[in-house]
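In what follows, a structure is listed as structure tokens, so that the remarks can point back to it.
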Amino acid sequence: MIELRAQLKSAGGDVSGRHVRAPWSLPVFATFVTFAFLAVSVAPPMATSTAYANAPGQVREGQTLAVDGTYSNAPGRDGFTISEPVVEAPVSVGAPAAGVPDPGTAQAIAYSMLQAMGLGDDEYSCLVALWDRESHWNVYAYNASSGAYGIPQALPGEKMASVGADWATNATTQITWGLSYISGRYGTPCGAWAHSEDQGWY
């Protein structure tokens, strides 16, 4: 043992009996750790990743995409195309069924006009509910606070003169004007009724 220590000492070695690290071991170890870290960083993850949403019409390669609208799969394995979300049109608010009007009444005149326009009983029911609320179908109905007049409560009543000079007394003239107003502003009586339900006026 003494001879071995003597030989090591003469060769410039450590004779304490401790383990001595070779001078090249630290750089080799550091290089190995660096490559291991890089390999873990660039390797694809085992879990499914989440892709960011693209603008409509763009194609993005990825695995998972959460969108509000619809999408279609592209021919590629992971490709997809985003389209605009589908926006549902608001549904008109219906009214209670009004039934068939009595002949010769203002409601019967309106019912006949709606049929000529290609509108069904549901639209007639909306019109009955709307003008019940506005005037109770009274040709002479007058709102003192606003000045609205007649079955459709035209404001001012003189607007109905565009249909006929007898606008102040004739139900047919008033209904004709009223349906024209509804058609131009709301599309149908149910559209006007829905607005009246929501806002309290039409």
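Chain labels A, B, ... are given in the sequence in which chains occur in the structure tokens; within each chain residues are numbered consecutively from 1, and ligands are likewise numbered from 1 in the order shown.
For Ala98 in chain A, the set of protein, DNA and RNA residues having any atom at most 10 Å away, when counting only C-alpha atoms and skipping those fewer than 4 positions along the same chain, is A:Gln107, A:Asp121, A:Asp122, A:Glu123, A:Tyr124, A:Ser125, A:Cys126, A:Leu127, A:Val128, A:Ala129.
For the pair CA of Pro152 in chain A and CA of Thr173 in chain A, the interatomic distance is 10.5 Å.
Considering only C-alpha atoms, the residue among A:Ser196, A:Ser146, A:Thr188, A:Gln153 positioned nearest to Ala168 in chain A is A:Gln153.
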Coordinates-based distance that separates CA of Ala192 in chain A from CA of Ala141 in chain A (Å, one decimal):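 So the two atoms, CA of Ala141 in chain A and CA of Ala192 in chain A, lie 19.3 Å apart.
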Counting only C-alpha atoms, which residue out of A:Pro103, A:Tyr202, A:Tyr142, A:Thr169 sits closest to Cys190 in chain A?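 Nearest candidate to Cys190 in chain A out of A:Pro103, A:Tyr202, A:Tyr142, A:Thr169: A:Tyr202.
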What does the distance from CA of Asp166 in chain A to CA of Gly200 in chain A come to in Å, to one decimal? 28.6 Å
Excluding Met160 in chain A and its own-chain neighbours fewer than 3 positions away, which residues fall within 7 Å of it when counting only C-alpha atoms? Please give them as a list in words.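 Residues meeting the cut-off are Gly157, Val163, Gly164, Trp167, Gln174 and Trp177 of chain A.
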